[in-house]
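Peer 1: Dropping in query-v5.csv, with CSV, C-alpha atoms.
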```csv
chain,number,residue,atom,x,y,z
A,23,MET,CA,0.0,0.0,0.0
A,24,SER,CA,1.2,3.5,-0.8
A,25,THR,CA,1.9,6.2,1.8
A,26,TYR,CA,1.6,9.9,1.1
A,27,VAL,CA,3.0,13.2,2.1
A,28,LEU,CA,0.9,16.3,1.5
A,29,ARG,CA,2.9,19.5,1.6
A,30,TYR,CA,0.9,22.7,2.2
A,31,PHE,CA,0.5,25.7,4.5
A,32,PRO,CA,-1.2,25.1,7.9
A,33,ILE,CA,-4.5,26.4,6.6
A,34,LYS,CA,-7.7,25.0,5.1
A,35,ALA,CA,-7.5,26.0,1.5
A,36,ARG,CA,-6.3,24.5,-1.7
A,37,ALA,CA,-5.1,21.2,-0.2
A,38,GLU,CA,-8.3,20.6,1.9
A,39,VAL,CA,-10.1,18.4,-0.7
A,40,ALA,CA,-6.9,16.3,-1.1
A,41,ARG,CA,-6.8,15.9,2.7
A,42,LEU,CA,-10.4,14.8,2.8
A,43,LEU,CA,-9.8,12.3,-0.1
A,44,LEU,CA,-6.9,10.8,1.8
A,45,LEU,CA,-8.9,10.6,5.0
A,46,ALA,CA,-11.9,9.0,3.2
A,47,SER,CA,-9.7,6.5,1.5
A,48,GLY,CA,-8.0,5.4,4.7
A,49,ASP,CA,-4.6,5.9,3.2
A,50,LYS,CA,-1.7,6.8,5.5
A,51,PHE,CA,-0.4,10.3,5.0
A,52,ALA,CA,1.6,13.0,6.7
A,53,ASP,CA,0.8,16.7,6.5
A,54,VAL,CA,4.0,18.6,6.1
A,55,MET,CA,4.3,22.4,6.3
A,56,PRO,CA,7.4,23.5,4.5
A,57,ASP,CA,9.4,26.5,5.6
A,58,TRP,CA,8.0,29.1,3.3
A,59,PRO,CA,9.4,30.9,1.3
A,60,ALA,CA,12.8,29.3,2.0
A,61,GLU,CA,11.7,26.0,0.5
A,62,LYS,CA,9.7,27.5,-2.5
A,63,GLU,CA,12.5,26.7,-5.0
A,64,ASN,CA,12.5,23.1,-3.9
A,65,GLN,CA,8.8,22.6,-4.9
A,66,PRO,CA,7.7,21.5,-8.3
A,67,LEU,CA,6.5,24.6,-10.1
A,68,GLY,CA,7.5,26.6,-7.1
A,69,GLN,CA,4.1,26.3,-5.5
A,70,LEU,CA,2.0,24.3,-3.0
A,71,PRO,CA,0.2,21.9,-2.6
A,72,VAL,CA,2.5,19.0,-3.4
A,73,LEU,CA,1.6,15.3,-3.0
A,74,ILE,CA,4.4,12.8,-2.7
A,75,GLU,CA,3.3,9.1,-3.0
A,76,THR,CA,5.7,6.4,-1.9
A,77,LEU,CA,4.9,3.0,-3.4
A,78,GLU,CA,5.5,-0.3,-1.8
A,79,ASP,CA,8.8,-0.7,-3.7
A,80,GLY,CA,10.1,2.7,-2.5
A,81,THR,CA,9.4,4.5,-5.8
A,82,GLU,CA,8.3,8.1,-5.3
A,83,PHE,CA,5.7,9.9,-7.4
A,84,GLU,CA,5.5,13.7,-6.9
A,85,LEU,CA,2.6,15.8,-8.1
A,86,SER,CA,1.8,19.5,-7.9
A,87,ASP,CA,-1.4,21.5,-8.4
A,88,SER,CA,-4.4,21.0,-6.3
A,89,VAL,CA,-6.8,19.9,-9.0
A,90,ALA,CA,-4.3,17.4,-10.5
A,91,ILE,CA,-3.8,16.0,-7.0
A,92,GLU,CA,-7.5,15.8,-6.3
A,93,LYS,CA,-8.2,14.0,-9.6
A,94,TYR,CA,-5.3,11.6,-9.1
A,95,LEU,CA,-6.5,10.6,-5.6
A,96,ALA,CA,-10.2,10.4,-6.6
A,97,ARG,CA,-9.3,8.2,-9.6
A,98,LYS,CA,-7.2,5.9,-7.4
A,99,SER,CA,-10.1,5.6,-5.0
A,100,GLY,CA,-12.6,4.9,-7.8
A,101,LEU,CA,-14.6,8.1,-7.1
A,102,LEU,CA,-14.5,9.5,-10.7
A,103,VAL,CA,-17.3,8.7,-13.1
A,104,LYS,CA,-16.8,6.0,-15.7
A,105,THR,CA,-19.9,6.6,-17.8
A,106,GLY,CA,-18.6,8.7,-20.7
A,107,SER,CA,-17.2,12.0,-21.8
A,108,MET,CA,-20.4,14.0,-21.0
A,109,ASP,CA,-20.4,12.9,-17.4
A,110,THR,CA,-16.7,13.5,-17.1
A,111,ALA,CA,-17.3,17.0,-18.5
A,112,ARG,CA,-20.0,17.6,-15.8
A,113,GLU,CA,-17.5,16.4,-13.2
A,114,ASP,CA,-14.9,18.9,-14.5
A,115,GLN,CA,-17.5,21.6,-14.5
A,116,LEU,CA,-18.4,21.1,-10.9
A,117,ARG,CA,-14.7,21.1,-9.9
A,118,SER,CA,-14.2,24.3,-11.7
A,119,GLN,CA,-17.1,25.8,-9.9
A,120,ILE,CA,-15.5,24.9,-6.6
A,121,ASN,CA,-12.4,26.8,-7.7
A,122,ASP,CA,-14.6,29.8,-8.6
A,123,VAL,CA,-16.0,29.8,-5.1
A,124,ILE,CA,-12.6,29.5,-3.5
A,125,ASP,CA,-11.3,32.4,-5.7
A,126,MET,CA,-14.3,34.6,-4.6
A,127,HIS,CA,-13.6,33.7,-1.0
A,128,TYR,CA,-10.0,34.7,-1.3
A,129,ALA,CA,-10.9,37.9,-3.1
A,130,TYR,CA,-13.3,38.8,-0.2
A,131,MET,CA,-10.8,37.8,2.5
A,132,PHE,CA,-7.9,39.8,1.1
A,133,ALA,CA,-9.9,42.8,-0.3
A,134,PRO,CA,-8.9,46.2,1.0
A,135,GLU,CA,-10.6,47.2,4.3
A,136,GLY,CA,-13.9,48.9,3.8
A,137,SER,CA,-14.6,47.3,0.4
A,138,HIS,CA,-16.9,44.5,1.7
A,139,GLU,CA,-20.0,46.6,1.7
```
Please, can you express the file's structure as structure tokens?
Peer 2:
Amino acid sequence: MSTYVLRYFPIKARAEVARLLLLASGDKFADVMPDWPAEKENQPLGQLPVLIETLEDGTEFELSDSVAIEKYLARKSGLLVKTGSMDTAREDQLRSQINDVIDMHYAYMFAPEGSHE
């Protein structure tokens, strides 16, 4: 069985769906919070989250980008639809809508003071 390391900041944001997928699957994983920005250059694409999977034979697979990580974990757990391209497109649409909501949340959280009215 594989084990995982999920690198991200100590907040509930872009890695949260990956955390939930790992918890739901029962896979063993460690949450690692890199020293940021000192370790930025050591991350693929210079960003977080990063998923590192260690296979039984010791081989490591590293993946960056929250949506790519989510789809990978969901596919491994058998949670993605298998009924054709239209259903897959709907699945992608729903995931994109989640990103839209997250982006609006960030825009609200980090908007200049007094602009929330």
Peer 1: For CA of Ala133 (chain A) and CA of Ala40 (chain A), determine how far apart the two atoms are, in Å to one decimal place.
Peer 2: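 So the answer is 26.7 Å.
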Peer 1: Between CA of Ala35 (chain A) and CA of Tyr130 (chain A), what is the spacing in Å?
Peer 2: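 Between CA of Tyr130 (chain A) and CA of Ala35 (chain A) the gap works out to 14.2 Å.
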Peer 1: List the neighbours of Gly80 (chain A) out to 12 Å using all atoms listed in the file; skip same-chain residues closer than 5 positions along the sequence, and give me the result as an MDAnalysis selection string.
Peer 2: chainID A and resid 23:26 74:75
Peer 1: Quick check, in Å to one decimal: how far apart do CA of Trp58 (chain A) and CA of Phe31 (chain A) lie?
Peer 2: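 These two atoms are separated by 8.3 Å.
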Peer 1: Please provide the set of residues having any atom within 7 Å of Arg29 (chain A), restricted to all atoms listed in the file, with same-chain residues fewer than 4 positions apart removed, written as a compact mmCIF listing (two decimals) with C-alpha atoms, keeping the file's coordinate frame.
Peer 2:
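Writing the result to around.txt gives the following:
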```
# COMPACT_ATOMS: atom_id res chain seq x y z
CA ASP A 53 0.80 16.70 6.50
CA VAL A 54 4.00 18.60 6.10
CA MET A 55 4.30 22.40 6.30
CA PRO A 56 7.40 23.50 4.50
CA LEU A 70 2.00 24.30 -3.00
CA PRO A 71 0.20 21.90 -2.60
CA VAL A 72 2.50 19.00 -3.40
CA LEU A 73 1.60 15.30 -3.00
```
Peer 1: Need to verify the contact set: Arg36 (chain A), 10 Å, all atoms listed in the file, exclusion of same-chain residues closer than 6 positions in sequence. Can you return it as a list of chain:residue names?
Peer 2: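 Answer for this query is A:Tyr30, A:Leu70, A:Pro71, A:Asp87, A:Ser88, A:Val89, A:Glu92, A:Asn121, A:Ile124.
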Peer 1: May I ask which of the residues A:Ile33, A:Ala90, A:Ala111, A:Leu85 is the closest one to Gln65 (chain A), counting all atoms listed in the file?
Peer 2: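 Nearest to Gln65 (chain A): A:Leu85.
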Peer 1: For region 96-113 of chain A, which lacks atoms in the input, supply N, CA and C atoms and format the output as a tab-separated table (two decimals), in the coordinates of the input.
Peer 2:
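To be explicit, this is the file written out as rebuild37.tsv:
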```tsv
chain	number	residue	atom	x	y	z
A	96	ALA	N	-8.79	10.87	-6.39
A	96	ALA	CA	-10.20	10.40	-6.60
A	96	ALA	C	-10.18	9.23	-7.61
A	97	ARG	N	-9.34	9.32	-8.64
A	97	ARG	CA	-9.30	8.20	-9.60
A	97	ARG	C	-8.75	6.95	-8.94
A	98	LYS	N	-7.71	7.08	-8.11
A	98	LYS	CA	-7.20	5.90	-7.40
A	98	LYS	C	-8.19	5.28	-6.48
A	99	SER	N	-9.09	6.10	-5.92
A	99	SER	CA	-10.10	5.60	-5.00
A	99	SER	C	-11.37	5.15	-5.70
A	100	GLY	N	-11.43	5.28	-7.01
A	100	GLY	CA	-12.60	4.90	-7.80
A	100	GLY	C	-13.77	5.83	-7.63
A	101	LEU	N	-13.49	7.10	-7.34
A	101	LEU	CA	-14.60	8.10	-7.10
A	101	LEU	C	-14.94	8.88	-8.37
A	102	LEU	N	-14.20	8.74	-9.46
A	102	LEU	CA	-14.50	9.50	-10.70
A	102	LEU	C	-15.52	8.68	-11.52
A	103	VAL	N	-16.35	9.38	-12.24
A	103	VAL	CA	-17.30	8.70	-13.10
A	103	VAL	C	-16.65	7.93	-14.20
A	104	LYS	N	-17.32	6.87	-14.64
A	104	LYS	CA	-16.80	6.00	-15.70
A	104	LYS	C	-17.81	5.84	-16.80
A	105	THR	N	-18.74	6.78	-16.92
A	105	THR	CA	-19.90	6.60	-17.80
A	105	THR	C	-19.82	7.42	-19.09
A	106	GLY	N	-18.69	7.98	-19.40
A	106	GLY	CA	-18.60	8.70	-20.70
A	106	GLY	C	-18.10	10.10	-20.56
A	107	SER	N	-17.82	10.68	-21.71
A	107	SER	CA	-17.20	12.00	-21.80
A	107	SER	C	-18.17	13.10	-21.29
A	108	MET	N	-19.47	12.95	-21.46
A	108	MET	CA	-20.40	14.00	-21.00
A	108	MET	C	-20.41	14.05	-19.46
A	109	ASP	N	-20.44	12.88	-18.83
A	109	ASP	CA	-20.40	12.90	-17.40
A	109	ASP	C	-19.08	13.38	-16.83
A	110	THR	N	-17.99	13.03	-17.52
A	110	THR	CA	-16.70	13.50	-17.10
A	110	THR	C	-16.64	15.06	-17.26
A	111	ALA	N	-17.24	15.59	-18.31
A	111	ALA	CA	-17.30	17.00	-18.50
A	111	ALA	C	-18.07	17.70	-17.36
A	112	ARG	N	-19.19	17.10	-16.92
A	112	ARG	CA	-20.00	17.60	-15.80
A	112	ARG	C	-19.13	17.61	-14.52
A	113	GLU	N	-18.39	16.53	-14.34
A	113	GLU	CA	-17.50	16.40	-13.20
A	113	GLU	C	-16.47	17.53	-13.18
```
